[in-house]
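start.cif, holding mmCIF, C-alpha atoms:
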```
data_entry
#
loop_
_atom_site.label_atom_id
_atom_site.label_comp_id
_atom_site.auth_asym_id
_atom_site.auth_seq_id
_atom_site.Cartn_x
_atom_site.Cartn_y
_atom_site.Cartn_z
CA MET A 1466 39.88 4.45 -6.17
CA LYS A 1467 39.10 1.46 -8.41
CA ILE A 1468 38.50 -0.70 -5.37
CA HIS A 1469 36.06 1.80 -3.91
CA LEU A 1470 34.23 2.13 -7.21
CA LYS A 1471 33.90 -1.63 -7.50
CA TYR A 1472 32.70 -1.81 -3.90
CA HIS A 1473 29.99 0.79 -4.54
CA CYS A 1474 28.92 -0.97 -7.73
CA VAL A 1475 28.55 -4.24 -5.85
CA LEU A 1476 26.46 -2.49 -3.20
CA PHE A 1477 24.29 -0.86 -5.86
CA VAL A 1478 23.72 -4.16 -7.67
CA SER A 1479 22.94 -5.87 -4.35
CA TYR A 1480 20.45 -3.11 -3.55
CA LEU A 1481 18.74 -3.52 -6.94
CA LEU A 1482 18.55 -7.30 -6.52
CA GLY A 1483 17.15 -6.92 -3.02
CA PHE A 1484 14.64 -4.32 -4.18
CA THR A 1485 13.54 -6.54 -7.08
CA ALA A 1486 13.16 -9.54 -4.74
CA ALA A 1487 11.05 -7.44 -2.37
CA LEU A 1488 8.79 -6.38 -5.22
CA GLN A 1489 8.37 -9.98 -6.32
CA ALA A 1490 7.58 -11.06 -2.77
CA GLN A 1491 4.94 -8.36 -2.37
CA VAL A 1492 1.77 -9.75 -3.90
CA ALA A 1493 -0.46 -6.67 -3.87
CA THR A 1494 -0.98 -3.19 -2.50
CA ILE A 1495 -4.59 -2.38 -1.66
CA PRO A 1496 -5.44 1.29 -0.94
CA PHE A 1497 -8.16 1.95 1.60
CA GLU A 1498 -10.23 4.87 2.81
CA SER A 1499 -10.86 5.18 6.53
CA ASP A 1500 -13.40 6.67 8.89
CA GLY A 1501 -12.41 4.19 11.57
CA LEU A 1502 -13.50 1.35 9.29
CA MET A 1503 -11.24 0.47 6.33
CA TYR A 1504 -12.99 0.57 2.93
CA ILE A 1505 -11.49 -1.28 -0.05
CA LYS A 1506 -12.72 -1.99 -3.58
CA VAL A 1507 -13.75 -5.54 -4.46
CA LYS A 1508 -15.19 -6.92 -7.70
CA VAL A 1509 -17.59 -9.85 -7.37
CA ASN A 1510 -17.74 -12.55 -10.07
CA ASP A 1511 -18.01 -10.94 -13.52
CA HIS A 1512 -19.66 -7.75 -12.27
CA ALA A 1513 -17.54 -4.95 -13.77
CA GLU A 1514 -18.12 -2.24 -11.17
CA PRO A 1515 -16.04 -2.41 -7.95
CA LEU A 1516 -18.04 -2.62 -4.74
CA ASN A 1517 -17.32 -0.94 -1.42
CA PHE A 1518 -16.18 -3.56 1.11
CA VAL A 1519 -15.05 -3.10 4.69
CA PHE A 1520 -11.75 -4.84 5.40
CA ASP A 1521 -12.26 -6.31 8.87
CA THR A 1522 -9.93 -8.51 10.94
CA GLY A 1523 -13.03 -9.66 12.83
CA ALA A 1524 -14.75 -11.02 9.71
CA SER A 1525 -14.32 -14.79 9.64
CA THR A 1526 -16.29 -15.05 6.40
CA ALA A 1527 -17.08 -12.73 3.50
CA VAL A 1528 -20.39 -10.84 3.63
CA LEU A 1529 -22.37 -9.26 0.78
CA ASP A 1530 -25.35 -6.96 1.07
CA GLU A 1531 -28.45 -8.90 0.05
CA LYS A 1532 -29.79 -6.12 -2.19
CA VAL A 1533 -26.46 -5.87 -4.02
CA ALA A 1534 -26.45 -9.66 -4.38
CA LYS A 1535 -29.87 -9.55 -6.02
CA GLU A 1536 -28.77 -6.76 -8.39
CA ILE A 1537 -25.77 -8.75 -9.66
CA GLY A 1538 -27.57 -12.09 -9.82
CA ILE A 1539 -26.28 -13.93 -6.73
CA THR A 1540 -28.71 -16.21 -4.91
CA ALA A 1541 -28.35 -18.25 -1.72
CA ASP A 1542 -27.55 -21.96 -1.93
CA TYR A 1543 -28.62 -22.74 1.64
CA GLN A 1544 -29.22 -21.31 5.12
CA GLN A 1545 -27.03 -21.74 8.19
CA PRO A 1546 -27.24 -20.52 11.79
CA ALA A 1547 -24.38 -18.27 12.89
CA ALA A 1548 -23.49 -16.35 16.05
CA GLY A 1549 -23.64 -12.57 15.67
CA ALA A 1550 -22.79 -9.77 18.08
CA ALA A 1551 -25.92 -10.24 20.15
CA GLY A 1552 -27.26 -13.67 19.26
CA THR A 1553 -27.58 -16.56 16.81
CA GLU A 1554 -29.54 -16.04 13.59
CA MET A 1555 -30.15 -17.84 10.31
CA TYR A 1556 -28.09 -16.51 7.42
CA ASN A 1557 -28.29 -17.11 3.66
CA ILE A 1558 -25.08 -18.50 2.14
CA ALA A 1559 -23.99 -18.27 -1.50
CA LEU A 1560 -21.30 -20.82 -2.39
CA SER A 1561 -18.22 -20.56 -4.62
CA GLN A 1562 -18.21 -16.89 -5.53
CA LYS A 1563 -15.22 -15.11 -7.10
CA LEU A 1564 -13.87 -12.07 -5.30
CA HIS A 1565 -11.33 -9.88 -7.12
CA ILE A 1566 -9.10 -7.47 -5.15
CA GLN A 1567 -6.50 -5.73 -7.31
CA ASP A 1568 -4.76 -8.61 -9.15
CA ILE A 1569 -5.86 -11.24 -6.61
CA THR A 1570 -8.80 -13.57 -7.21
CA LEU A 1571 -10.36 -15.61 -4.42
CA ALA A 1572 -11.98 -18.23 -6.60
CA ASP A 1573 -14.03 -20.26 -4.15
CA ALA A 1574 -15.40 -17.84 -1.54
CA HIS A 1575 -18.56 -18.67 0.38
CA VAL A 1576 -20.46 -15.45 1.02
CA VAL A 1577 -23.08 -14.59 3.65
CA LEU A 1578 -25.96 -12.52 2.25
CA VAL A 1579 -27.38 -10.02 4.74
CA ASP A 1580 -28.91 -6.54 4.85
CA LEU A 1581 -26.05 -4.10 5.56
CA ASP A 1582 -28.19 -0.95 5.74
CA ARG A 1583 -27.87 -0.84 9.53
CA LEU A 1584 -24.06 -0.67 9.36
CA SER A 1585 -23.99 1.72 6.41
CA LYS A 1586 -25.89 4.33 8.41
CA ARG A 1587 -23.04 4.90 10.86
CA GLY A 1588 -20.76 6.49 8.23
CA ASN A 1589 -20.75 8.49 5.02
CA GLN A 1590 -20.07 5.50 2.78
CA ARG A 1591 -22.33 2.75 1.55
CA ILE A 1592 -21.17 -0.70 2.71
CA ASP A 1593 -21.68 -3.33 -0.01
CA GLY A 1594 -19.74 -6.09 1.73
CA ILE A 1595 -17.24 -7.14 4.39
CA ILE A 1596 -14.08 -9.21 4.00
CA GLY A 1597 -11.19 -10.26 6.22
CA TYR A 1598 -10.15 -13.85 6.85
CA ASN A 1599 -10.72 -14.80 3.20
CA ILE A 1600 -7.68 -12.65 2.37
CA MET A 1601 -5.60 -13.00 5.53
CA GLN A 1602 -5.57 -16.80 5.56
CA HIS A 1603 -3.60 -16.79 2.27
CA TYR A 1604 -1.15 -13.93 2.83
CA VAL A 1605 0.89 -12.09 5.41
CA THR A 1606 -1.07 -8.84 5.71
CA HIS A 1607 0.58 -5.48 6.43
CA ILE A 1608 -1.79 -2.64 7.39
CA ASP A 1609 -0.38 0.90 7.23
CA TYR A 1610 -2.89 3.35 8.69
CA ASP A 1611 -0.66 6.37 7.96
CA GLN A 1612 -0.43 5.62 4.22
CA GLN A 1613 -3.87 3.98 4.15
CA GLU A 1614 -2.57 0.88 2.41
CA ILE A 1615 -2.88 -2.86 2.92
CA LYS A 1616 0.08 -4.79 1.50
CA LEU A 1617 0.03 -8.54 1.00
CA TYR A 1618 3.16 -10.71 1.13
CA LYS A 1619 4.03 -14.39 0.82
CA ASN A 1620 6.17 -14.45 3.99
CA VAL A 1621 6.79 -12.12 6.92
CA ASP A 1622 10.52 -12.04 6.10
CA ASP A 1623 9.66 -10.33 2.82
CA ILE A 1624 8.60 -7.19 4.73
CA ALA A 1625 11.29 -4.54 5.12
CA ALA A 1626 12.39 -3.57 8.66
CA VAL A 1627 10.17 -6.13 10.36
CA ASP A 1628 12.66 -6.05 13.26
CA ALA A 1629 11.26 -2.62 14.19
CA TYR A 1630 7.96 -4.28 15.14
CA LYS A 1631 7.04 -5.97 18.41
CA MET A 1632 5.63 -9.48 18.05
CA LEU A 1633 2.52 -10.72 19.86
CA PRO A 1634 1.57 -14.41 19.87
CA VAL A 1635 -2.04 -14.99 18.88
CA SER A 1636 -4.50 -17.84 18.84
CA LEU A 1637 -7.17 -18.50 16.21
CA GLY A 1638 -9.46 -20.55 18.38
CA TYR A 1639 -12.75 -18.70 17.80
CA ALA A 1640 -14.10 -18.41 14.23
CA SER A 1641 -10.59 -17.83 12.81
CA ILE A 1642 -10.42 -14.39 14.46
CA PRO A 1643 -7.04 -13.69 16.13
CA GLN A 1644 -6.99 -13.35 19.91
CA VAL A 1645 -4.38 -11.36 21.85
CA GLU A 1646 -3.66 -10.97 25.55
CA LEU A 1647 -4.49 -7.61 27.14
CA GLU A 1648 -4.21 -6.30 30.71
CA PHE A 1649 -6.08 -3.33 32.17
CA THR A 1650 -6.18 -1.47 35.49
CA LEU A 1651 -9.20 0.11 37.18
CA LYS A 1652 -9.20 3.28 39.29
CA ASN A 1653 -8.85 1.21 42.46
CA ASN A 1654 -5.61 -0.27 41.03
CA LYS A 1655 -7.13 -3.72 40.52
CA LYS A 1656 -5.64 -5.39 37.48
CA PHE A 1657 -7.35 -7.84 35.12
CA LYS A 1658 -6.16 -9.67 32.04
CA GLY A 1659 -7.67 -11.86 29.40
CA SER A 1660 -7.77 -12.91 25.76
CA PHE A 1661 -9.48 -10.50 23.33
CA LEU A 1662 -10.62 -10.81 19.71
CA PHE A 1663 -8.51 -8.55 17.48
CA ASP A 1664 -11.35 -6.83 15.61
CA SER A 1665 -10.66 -3.80 13.40
CA GLY A 1666 -14.38 -3.58 12.58
CA ALA A 1667 -15.39 -2.90 16.20
CA ASN A 1668 -15.83 0.83 16.85
CA MET A 1669 -14.44 0.86 20.42
CA THR A 1670 -11.25 0.72 22.46
CA PHE A 1671 -12.14 -2.65 23.97
CA LEU A 1672 -15.20 -4.44 25.28
CA LEU A 1673 -15.61 -6.89 28.16
CA ASN A 1674 -17.95 -9.81 27.49
CA THR A 1675 -20.87 -10.36 29.86
CA PRO A 1676 -19.43 -13.46 31.61
CA PHE A 1677 -16.13 -11.64 32.27
CA VAL A 1678 -17.98 -8.60 33.65
CA LYS A 1679 -20.06 -10.74 35.99
CA ALA A 1680 -17.30 -13.13 37.10
CA ASN A 1681 -15.01 -10.23 38.06
CA ASN A 1682 -17.68 -7.87 39.44
CA ILE A 1683 -16.52 -5.18 37.01
CA GLU A 1684 -19.67 -3.03 37.15
CA THR A 1685 -19.26 -2.50 40.89
CA LEU A 1686 -15.50 -1.97 40.79
CA ILE A 1687 -15.30 0.34 37.78
CA GLY A 1688 -17.34 3.20 39.29
CA LYS A 1689 -19.47 5.56 37.20
CA THR A 1690 -20.88 4.23 33.93
CA ILE A 1691 -23.33 5.44 31.30
CA GLU A 1692 -25.75 3.45 29.10
CA ASN A 1693 -25.33 3.38 25.33
CA LYS A 1694 -26.46 1.39 22.29
CA ALA A 1695 -24.54 -0.38 19.52
CA GLU A 1696 -25.53 -1.63 16.08
CA SER A 1697 -24.52 -5.04 14.73
CA LEU A 1698 -25.31 -6.61 11.35
CA THR A 1699 -28.97 -7.18 12.07
CA THR A 1700 -29.68 -6.04 15.63
CA SER A 1701 -28.96 -3.35 18.19
CA SER A 1702 -27.79 -4.04 21.73
CA SER A 1703 -27.31 -1.96 24.86
CA PHE A 1704 -24.10 -1.77 26.87
CA LYS A 1705 -22.42 0.40 29.50
CA ILE A 1706 -19.38 2.63 29.14
CA GLY A 1707 -16.87 3.03 31.98
CA ASN A 1708 -13.22 3.99 32.11
CA VAL A 1709 -9.91 2.42 33.07
CA THR A 1710 -6.63 4.05 34.09
CA ASN A 1711 -4.12 1.87 32.24
CA VAL A 1712 -4.04 -0.71 29.45
CA GLN A 1713 -1.14 -2.91 28.39
CA LEU A 1714 -0.98 -4.74 25.05
CA GLY A 1715 2.29 -6.66 24.81
CA ASP A 1716 5.07 -4.12 25.36
CA PHE A 1717 2.76 -1.17 24.69
CA LYS A 1718 1.13 0.84 27.48
CA PHE A 1719 -1.74 3.30 27.29
CA GLY A 1720 -3.26 5.62 29.87
CA GLU A 1721 -6.87 6.42 30.67
CA MET A 1722 -9.52 5.37 28.16
CA PRO A 1723 -13.24 4.49 27.99
CA ILE A 1724 -14.24 0.81 27.73
CA ASP A 1725 -17.51 -0.98 26.99
CA LEU A 1726 -19.23 -3.47 29.28
CA SER A 1727 -21.53 -5.94 27.56
CA ASN A 1728 -24.80 -7.11 29.07
CA SER A 1729 -25.73 -9.36 26.12
CA THR A 1730 -27.09 -12.77 27.07
CA SER A 1731 -26.31 -14.44 23.74
CA GLY A 1732 -23.97 -14.04 20.79
CA VAL A 1733 -20.25 -13.28 20.64
CA MET A 1734 -20.43 -10.71 23.45
CA ALA A 1735 -21.87 -13.32 25.80
CA SER A 1736 -19.22 -15.92 25.10
CA GLU A 1737 -17.04 -17.39 27.84
CA ALA A 1738 -14.39 -18.42 25.29
CA TYR A 1739 -12.57 -15.09 25.57
CA ALA A 1740 -12.66 -11.97 27.77
CA GLY A 1741 -13.91 -9.55 25.13
CA ILE A 1742 -13.12 -7.61 21.96
CA LEU A 1743 -10.17 -5.33 21.17
CA GLY A 1744 -11.44 -2.63 18.83
CA VAL A 1745 -10.23 -0.21 16.19
CA LYS A 1746 -9.69 2.76 18.50
CA ILE A 1747 -6.61 0.94 19.80
CA ILE A 1748 -5.78 -1.11 16.69
CA GLN A 1749 -5.56 1.91 14.36
CA ARG A 1750 -2.72 3.39 16.47
CA PHE A 1751 -0.32 0.81 15.02
CA HIS A 1752 1.19 -0.36 11.79
CA ILE A 1753 0.18 -4.03 11.84
CA ILE A 1754 1.51 -7.25 10.34
CA LEU A 1755 -0.86 -10.23 10.53
CA ASP A 1756 0.82 -13.61 10.04
CA TYR A 1757 -1.98 -16.14 10.38
CA LYS A 1758 0.10 -19.09 9.21
CA ASN A 1759 2.49 -18.69 12.16
CA GLN A 1760 -0.15 -17.24 14.52
CA LYS A 1761 1.66 -13.97 15.16
CA ILE A 1762 0.81 -10.28 15.06
CA TYR A 1763 3.49 -7.58 14.78
CA LEU A 1764 2.85 -4.03 15.98
CA LYS A 1765 4.68 -0.73 15.53
CA PRO A 1766 3.28 2.64 16.71
CA ASN A 1767 2.14 5.00 13.97
CA LYS A 1768 1.63 8.77 14.06
CA SER A 1769 -1.65 8.51 16.01
CA TYR A 1770 -0.21 6.27 18.74
CA ALA A 1771 0.09 8.98 21.43
CA ASN A 1772 -3.24 10.74 20.72
CA GLU A 1773 -5.58 11.10 23.69
CA PHE A 1774 -8.50 8.70 23.80
CA GLU A 1775 -11.90 10.32 23.27
CA PHE A 1776 -14.50 10.15 26.03
CA PRO A 1777 -18.27 10.60 25.54
CA ARG A 1778 -19.15 14.29 25.80
CA SER A 1779 -22.38 15.12 23.97
CA GLY A 1780 -24.34 11.99 24.92
CA ILE A 1781 -25.55 11.87 21.30
CA SER A 1782 -25.02 9.11 18.73
CA ILE A 1783 -25.77 9.83 15.07
CA GLU A 1784 -26.33 7.94 11.84
CA LYS A 1785 -26.94 8.88 8.21
CA GLU A 1786 -30.28 7.95 6.67
CA ALA A 1787 -30.42 8.85 2.97
CA ASP A 1788 -29.20 12.47 3.01
CA LYS A 1789 -30.29 13.17 6.59
CA ILE A 1790 -28.30 13.03 9.84
CA LYS A 1791 -30.46 11.36 12.48
CA ILE A 1792 -30.05 10.95 16.24
CA SER A 1793 -29.69 7.20 16.84
CA ASN A 1794 -29.30 7.30 20.63
CA VAL A 1795 -29.20 9.77 23.51
CA VAL A 1796 -27.57 8.98 26.87
CA LYS A 1797 -30.23 9.59 29.52
CA VAL A 1798 -27.91 11.24 32.04
CA SER A 1799 -26.69 13.77 29.45
CA GLU A 1800 -27.72 17.41 29.12
CA ALA A 1801 -28.86 16.60 25.59
CA TYR A 1802 -31.50 14.21 26.92
CA GLN A 1803 -32.52 16.58 29.72
CA LYS A 1804 -33.11 19.32 27.14
CA GLY A 1805 -35.38 17.17 25.00
CA ILE A 1806 -33.18 15.67 22.28
CA ARG A 1807 -34.50 12.23 21.40
CA GLU A 1808 -33.74 9.25 19.19
CA GLY A 1809 -35.21 9.85 15.71
CA ASP A 1810 -34.67 13.63 15.72
CA GLN A 1811 -33.04 14.99 12.56
CA LEU A 1812 -29.93 17.09 13.16
CA LEU A 1813 -30.13 20.12 10.87
CA GLU A 1814 -27.38 22.47 12.05
CA ILE A 1815 -24.49 22.71 14.51
CA ASP A 1816 -23.61 26.29 15.44
CA GLU A 1817 -25.72 27.53 12.50
CA VAL A 1818 -23.82 25.42 9.97
CA VAL A 1819 -25.93 22.97 7.95
CA VAL A 1820 -24.71 19.39 8.51
CA ASN A 1821 -24.77 16.40 6.15
CA ASP A 1822 -21.49 14.65 7.00
CA THR A 1823 -21.37 12.22 9.91
CA ARG A 1824 -17.60 12.54 10.40
CA LYS A 1825 -17.76 16.33 10.64
CA CYS A 1826 -20.73 16.14 13.04
CA ARG A 1827 -18.90 13.74 15.32
CA GLU A 1828 -15.82 15.95 15.36
CA LEU A 1829 -17.90 18.98 16.37
CA LEU A 1830 -19.62 16.99 19.11
CA LYS A 1831 -16.26 15.83 20.54
CA GLN A 1832 -15.02 19.33 21.35
CA LYS A 1833 -13.82 19.80 24.93
CA ASP A 1834 -15.62 21.94 27.48
CA THR A 1835 -17.50 24.18 25.08
CA SER A 1836 -21.12 24.93 24.20
CA VAL A 1837 -22.68 24.05 20.86
CA LYS A 1838 -26.03 25.13 19.44
CA LEU A 1839 -27.99 22.36 17.77
CA LYS A 1840 -30.94 22.84 15.44
CA LEU A 1841 -33.13 19.72 15.18
CA LYS A 1842 -36.43 18.57 13.72
CA ASP A 1843 -38.38 15.96 15.64
CA GLU A 1844 -40.45 13.15 14.13
CA LYS A 1845 -43.57 15.36 14.17
CA GLY A 1846 -41.78 17.97 12.01
CA GLU A 1847 -41.33 20.52 14.80
CA VAL A 1848 -38.03 22.42 14.75
CA LYS A 1849 -36.20 23.17 17.99
CA THR A 1850 -32.89 24.77 18.98
CA VAL A 1851 -30.93 23.37 21.91
CA ILE A 1852 -27.65 24.54 23.43
CA ILE A 1853 -25.60 21.89 25.23
CA PHE A 1854 -22.25 21.99 27.00
CA LEU A 1855 -19.77 19.33 25.88
CA LYS A 1856 -18.11 17.78 28.92
CA ARG A 1857 -16.93 14.31 29.91
CA LEU A 1858 -19.80 12.11 30.98
CA ILE A 1859 -17.60 9.53 32.78
#
```

Structure translated into structure tokens:
Amino acid sequence: MKIHLKYHCVLFVSYLLGFTAALQAQVATIPFESDGLMYIKVKVNDHAEPLNFVFDTGASTAVLDEKVAKEIGITADYQQPAAGAAGTEMYNIALSQKLHIQDITLADAHVVLVDLDRLSKRGNQRIDGIIGYNIMQHYVTHIDYDQQEIKLYKNVDDIAAVDAYKMLPVSLGYASIPQVELEFTLKNNKKFKGSFLFDSGANMTFLLNTPFVKANNIETLIGKTIENKAESLTTSSSFKIGNVTNVQLGDFKFGEMPIDLSNSTSGVMASEAYAGILGVKIIQRFHIILDYKNQKIYLKPNKSYANEFEFPRSGISIEKEADKIKISNVVKVSEAYQKGIREGDQLLEIDEVVVNDTRKCRELLKQKDTSVKLKLKDEKGEVKTVIIFLKRLI
């Protein structure tokens, strides 16, 4: 009995020591809110109030809304051209700013100042800034979408049960954004593979860059597509949506899903340096460990892994402008367009329920094979009621 007691005591002490070491190795736990994008709180310089930043694996530099910058006394030191989603533009840069996240301070962060109103409109939350690489270059980053937490560590071995994850090699060749290999299959069983930017700030499954689309004749091979429009930091761009039958990311396989086909002639979506962009609608199905120092990503399925992928049904895109829900785009082949719904219309009600929440609106417009009654007000102030049937458009 004494031997067993001693044995259990040794185990208990070992457990405590291991637990203490793990706590010491974990640098910070950052809670986030999610509507697809991850929102974290960041303090800038000596400004006391936390600001609402998007945590984005596709952000190679920190970004701050230019109006917020003016309010807290930050001015640009110089201008620099930079490639955006659809082209190259001149951006204002503020040097050597302090960014505080929990107990971490990034003391020498260079920040791009830009108007983030365009991005803020897509959700219910104001976006004051964007951050990604500034954090991830210093730490091993563990993203838990189920618990909505980002945990930072000194080394990957400090993370418990890392053996339960599957490792993917990555490269950091373009703007310090990780690239992973992905393979997909079209309806005609043709398979394609390429390197894709790992971008948690991209609201898509994945996108094929213009050169890849053209070189592989994707538009002809993929079959039916629909036209849509996307918003970047400062511009909007059009693209097509098609669908694929299978996707493989490392050891993980997915079935049918929609994909985006770029037709941009400049910017990151026109680059020949990689095949395209892997977006959050796939990324958020995993617990993720990002080890930039060793150029590795580790993935483990979370509770949303097996969920069906959502296909366009209403043909309507929405955004929030002040306290109003506005139609930002209407697919021309949709019933919504045929019945007179247009970009700029204000959405007042869905099935006689007043709407002011973009997430709730999107959920109602994603319902399968059902009719919804929409009450709208056009830009002339005229109110109209339209009933549309929600069915797959591709």

For the provided coordinates, the residues matched by the PyMOL selection byres ((chain A and resi 1641-1652) around 7) should be stated as a PyMOL selection string.
chain A and resi 1522-1523+1525+1634-1640+1653-1663+1687+1709-1714

Export, as an mmCIF file, keeping the file's coordinate frame, the selected residues with C-alpha atoms.
```cif
data_model
loop_
_atom_site.group_PDB
_atom_site.id
_atom_site.type_symbol
_atom_site.label_atom_id
_atom_site.label_comp_id
_atom_site.auth_asym_id
_atom_site.auth_seq_id
_atom_site.Cartn_x
_atom_site.Cartn_y
_atom_site.Cartn_z
ATOM 1 C CA THR A 1522 -9.930 -8.510 10.940
ATOM 2 C CA GLY A 1523 -13.030 -9.660 12.830
ATOM 3 C CA SER A 1525 -14.320 -14.790 9.640
ATOM 4 C CA PRO A 1634 1.570 -14.410 19.870
ATOM 5 C CA VAL A 1635 -2.040 -14.990 18.880
ATOM 6 C CA SER A 1636 -4.500 -17.840 18.840
ATOM 7 C CA LEU A 1637 -7.170 -18.500 16.210
ATOM 8 C CA GLY A 1638 -9.460 -20.550 18.380
ATOM 9 C CA TYR A 1639 -12.750 -18.700 17.800
ATOM 10 C CA ALA A 1640 -14.100 -18.410 14.230
ATOM 11 C CA ASN A 1653 -8.850 1.210 42.460
ATOM 12 C CA ASN A 1654 -5.610 -0.270 41.030
ATOM 13 C CA LYS A 1655 -7.130 -3.720 40.520
ATOM 14 C CA LYS A 1656 -5.640 -5.390 37.480
ATOM 15 C CA PHE A 1657 -7.350 -7.840 35.120
ATOM 16 C CA LYS A 1658 -6.160 -9.670 32.040
ATOM 17 C CA GLY A 1659 -7.670 -11.860 29.400
ATOM 18 C CA SER A 1660 -7.770 -12.910 25.760
ATOM 19 C CA PHE A 1661 -9.480 -10.500 23.330
ATOM 20 C CA LEU A 1662 -10.620 -10.810 19.710
ATOM 21 C CA PHE A 1663 -8.510 -8.550 17.480
ATOM 22 C CA ILE A 1687 -15.300 0.340 37.780
ATOM 23 C CA VAL A 1709 -9.910 2.420 33.070
ATOM 24 C CA THR A 1710 -6.630 4.050 34.090
ATOM 25 C CA ASN A 1711 -4.120 1.870 32.240
ATOM 26 C CA VAL A 1712 -4.040 -0.710 29.450
ATOM 27 C CA GLN A 1713 -1.140 -2.910 28.390
ATOM 28 C CA LEU A 1714 -0.980 -4.740 25.050
#
```

I'd like the contact shell of Ile1558 (chain A) - 10 Å cut-off, only C-alpha atoms, skipping same-chain residues fewer than 5 positions apart - returned as a PDB file with C-alpha atoms, in the frame of the given file.
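Below is the file that was written, result_12.pdb:
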```
ATOM      1  CA  ALA A1527     -17.080 -12.730   3.500  1.00  0.00           C
ATOM      2  CA  VAL A1528     -20.390 -10.840   3.630  1.00  0.00           C
ATOM      3  CA  LEU A1529     -22.370  -9.260   0.780  1.00  0.00           C
ATOM      4  CA  THR A1540     -28.710 -16.210  -4.910  1.00  0.00           C
ATOM      5  CA  ALA A1541     -28.350 -18.250  -1.720  1.00  0.00           C
ATOM      6  CA  ASP A1542     -27.550 -21.960  -1.930  1.00  0.00           C
ATOM      7  CA  TYR A1543     -28.620 -22.740   1.640  1.00  0.00           C
ATOM      8  CA  GLN A1544     -29.220 -21.310   5.120  1.00  0.00           C
ATOM      9  CA  GLN A1545     -27.030 -21.740   8.190  1.00  0.00           C
ATOM     10  CA  HIS A1575     -18.560 -18.670   0.380  1.00  0.00           C
ATOM     11  CA  VAL A1576     -20.460 -15.450   1.020  1.00  0.00           C
ATOM     12  CA  VAL A1577     -23.080 -14.590   3.650  1.00  0.00           C
ATOM     13  CA  LEU A1578     -25.960 -12.520   2.250  1.00  0.00           C
ATOM     14  CA  VAL A1579     -27.380 -10.020   4.740  1.00  0.00           C
TER      15      VAL A1579
END
```

To test the calculation: enclose all listed atoms of region 1710-1723 of chain A in a box whose edges run along x, y and z, add 6 Å on each side, then state centre and edge lengths in Å to one decimal, as JSON.
```
{"center_x": -4.1, "center_y": -0.1, "center_z": 29.4, "size_x": 30.3, "size_y": 25.1, "size_z": 21.4}
```

Just so the selection is clear, what residues does the PyMOL selection byres ((chain A and resi 1759) around 10) cover here, as a count of residues only?
13

Given the PyMOL selection byres ((chain A and resi 1813-1816) around 7), the residues it picks as a ChimeraX atom specification:
/A:1811-1812,1817-1820,1837-1841

From A:Leu1829, A:Ile1595, A:Leu1726, A:Ile1742, residue lying nearest Val1678 (chain A) [only C-alpha atoms]
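The closest residue to Val1678 (chain A) is A:Leu1726.
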
Please complete region 1533-1544 of chain A with N, CA and C atoms and give it back as a PDB file, keeping the file's coordinate frame.
```
ATOM      1  N   VAL A1533     -27.511  -5.865  -2.997  1.00  0.00           N
ATOM      2  CA  VAL A1533     -26.460  -5.870  -4.020  1.00  0.00           C
ATOM      3  C   VAL A1533     -26.386  -7.252  -4.675  1.00  0.00           C
ATOM      4  N   ALA A1534     -26.476  -8.297  -3.848  1.00  0.00           N
ATOM      5  CA  ALA A1534     -26.450  -9.660  -4.380  1.00  0.00           C
ATOM      6  C   ALA A1534     -27.558  -9.877  -5.404  1.00  0.00           C
ATOM      7  N   LYS A1535     -28.738  -9.398  -5.102  1.00  0.00           N
ATOM      8  CA  LYS A1535     -29.870  -9.550  -6.020  1.00  0.00           C
ATOM      9  C   LYS A1535     -29.611  -8.797  -7.320  1.00  0.00           C
ATOM     10  N   GLU A1536     -29.035  -7.589  -7.217  1.00  0.00           N
ATOM     11  CA  GLU A1536     -28.770  -6.760  -8.390  1.00  0.00           C
ATOM     12  C   GLU A1536     -27.770  -7.427  -9.339  1.00  0.00           C
ATOM     13  N   ILE A1537     -26.803  -8.158  -8.796  1.00  0.00           N
ATOM     14  CA  ILE A1537     -25.770  -8.750  -9.660  1.00  0.00           C
ATOM     15  C   ILE A1537     -25.988 -10.253  -9.869  1.00  0.00           C
ATOM     16  N   GLY A1538     -27.167 -10.739  -9.466  1.00  0.00           N
ATOM     17  CA  GLY A1538     -27.570 -12.090  -9.820  1.00  0.00           C
ATOM     18  C   GLY A1538     -27.044 -13.203  -8.928  1.00  0.00           C
ATOM     19  N   ILE A1539     -26.738 -12.898  -7.667  1.00  0.00           N
ATOM     20  CA  ILE A1539     -26.280 -13.930  -6.730  1.00  0.00           C
ATOM     21  C   ILE A1539     -27.441 -14.365  -5.853  1.00  0.00           C
ATOM     22  N   THR A1540     -27.647 -15.670  -5.762  1.00  0.00           N
ATOM     23  CA  THR A1540     -28.710 -16.210  -4.910  1.00  0.00           C
ATOM     24  C   THR A1540     -28.111 -17.180  -3.894  1.00  0.00           C
ATOM     25  N   ALA A1541     -28.825 -17.365  -2.787  1.00  0.00           N
ATOM     26  CA  ALA A1541     -28.350 -18.250  -1.720  1.00  0.00           C
ATOM     27  C   ALA A1541     -28.479 -19.709  -2.125  1.00  0.00           C
ATOM     28  N   ASP A1542     -27.506 -20.509  -1.706  1.00  0.00           N
ATOM     29  CA  ASP A1542     -27.550 -21.960  -1.930  1.00  0.00           C
ATOM     30  C   ASP A1542     -28.180 -22.682  -0.747  1.00  0.00           C
ATOM     31  N   TYR A1543     -28.017 -22.122   0.453  1.00  0.00           N
ATOM     32  CA  TYR A1543     -28.620 -22.740   1.640  1.00  0.00           C
ATOM     33  C   TYR A1543     -28.585 -21.746   2.795  1.00  0.00           C
ATOM     34  N   GLN A1544     -29.226 -22.122   3.909  1.00  0.00           N
ATOM     35  CA  GLN A1544     -29.220 -21.310   5.120  1.00  0.00           C
ATOM     36  C   GLN A1544     -28.432 -22.008   6.217  1.00  0.00           C
TER      37      GLN A1544
END
```
